[in-house]
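K.L.:
Handing you this structure, nothing more for now.
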Amino acid sequence: MIAPSGTVHLNRLQAAISDPETELPEAVINHAQLLLDHIEMLAGKIETLGAELRAGARQDPVAKRLMTKNENYKNPAMV
(Lines give C-alpha, C1' and ligand atoms only; values in the text may rest on other atoms or scores of the structure.)
Protein backbone atom coordinates (compact mmCIF):
# COMPACT_ATOMS: atom_id res chain seq x y z
CA MET A 1 0.00 0.00 0.00
CA ILE A 2 1.26 3.45 -0.87
CA ALA A 3 -0.18 6.30 1.14
CA PRO A 4 0.66 10.00 1.14
CA SER A 5 3.03 11.04 3.90
CA GLY A 6 2.09 13.47 6.63
CA THR A 7 -0.31 13.39 9.52
CA VAL A 8 -2.90 15.27 7.51
CA HIS A 9 -3.56 12.05 5.55
CA LEU A 10 -4.06 9.73 8.53
CA ASN A 11 -7.85 10.08 8.48
CA ARG A 12 -7.84 9.13 4.82
CA LEU A 13 -5.78 6.04 5.56
CA GLN A 14 -8.09 5.09 8.44
CA ALA A 15 -11.10 5.47 6.17
CA ALA A 16 -9.48 3.33 3.48
CA ILE A 17 -8.77 0.43 5.82
CA SER A 18 -12.12 0.74 7.61
CA ASP A 19 -14.19 0.59 4.43
CA PRO A 20 -16.06 -2.75 4.48
CA GLU A 21 -15.91 -2.83 0.68
CA THR A 22 -12.16 -2.27 0.48
CA GLU A 23 -10.17 -4.44 -1.87
CA LEU A 24 -7.08 -4.19 0.29
CA PRO A 25 -5.61 -7.49 1.47
CA GLU A 26 -6.18 -8.36 5.11
CA ALA A 27 -2.43 -8.23 5.81
CA VAL A 28 -2.27 -4.64 4.54
CA ILE A 29 -5.27 -3.62 6.64
CA ASN A 30 -3.77 -5.21 9.75
CA HIS A 31 -0.37 -3.61 9.18
CA ALA A 32 -1.85 -0.16 8.51
CA GLN A 33 -4.03 -0.42 11.64
CA LEU A 34 -0.98 -1.39 13.69
CA LEU A 35 0.85 1.69 12.42
CA LEU A 36 -2.13 3.96 13.08
CA ASP A 37 -2.45 2.59 16.62
CA HIS A 38 1.26 3.21 17.18
CA ILE A 39 1.00 6.78 15.89
CA GLU A 40 -1.95 7.43 18.21
CA MET A 41 -0.04 6.04 21.20
CA LEU A 42 3.05 8.12 20.40
CA ALA A 43 0.97 11.28 19.92
CA GLY A 44 -0.50 10.78 23.39
CA LYS A 45 2.94 10.30 24.93
CA ILE A 46 4.29 13.37 23.15
CA GLU A 47 1.38 15.44 24.46
CA THR A 48 1.99 14.17 28.00
CA LEU A 49 5.72 14.92 27.81
CA GLY A 50 5.00 18.38 26.42
CA ALA A 51 2.63 19.12 29.30
CA GLU A 52 5.22 17.93 31.81
CA LEU A 53 7.89 20.12 30.22
CA ARG A 54 5.62 23.16 30.20
CA ALA A 55 4.67 22.61 33.85
CA GLY A 56 8.31 22.20 34.86
CA ALA A 57 9.36 25.28 32.91
CA ARG A 58 6.75 27.39 34.69
CA GLN A 59 8.29 26.41 38.03
CA ASP A 60 11.97 26.72 37.09
CA PRO A 61 13.30 30.27 37.71
CA VAL A 62 15.84 30.12 34.88
CA ALA A 63 13.29 28.82 32.39
CA LYS A 64 10.80 31.50 33.50
CA ARG A 65 13.42 34.19 32.94
CA LEU A 66 14.29 32.81 29.51
CA MET A 67 10.61 32.76 28.48
CA THR A 68 10.03 36.41 29.35
CA LYS A 69 10.74 39.10 26.81
CA ASN A 70 13.31 41.60 28.00
CA GLU A 71 12.75 44.86 26.13
CA ASN A 72 16.09 46.24 27.39
CA TYR A 73 18.20 43.35 26.05
CA LYS A 74 20.22 44.11 22.93
CA ASN A 75 21.47 41.03 21.10
CA PRO A 76 25.13 41.72 20.24
CA ALA A 77 24.76 39.82 16.98
CA MET A 78 21.96 42.15 15.92
CA VAL A 79 23.61 45.47 16.84
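In the C-alpha coordinates, chains take the letters A, B, ... in the order shown, each chain's residues start at 1, and ligands count up from 1 in the order shown.
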Please return as a ChimeraX atom specification: the residues of chain A that backbone DSSP assigns to alpha helix (DSSP H).
P.N.:
/A:10-18,26-59,61-67
K.L.:
Excluding Ile17 of chain A and any residue of its chain fewer than 2 positions from it, enumerate the residues within 12 Å of it, using only C-alpha atoms, and give them as a count of residues only.
P.N.:
26
K.L.:
Of the candidates A:Val8, A:Met41, A:Met67, A:Ile2, which one gets nearest to Arg54 of chain A if we count only C-alpha atoms?
P.N.:
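Selected residue with least distance to Arg54 of chain A: A:Met67.
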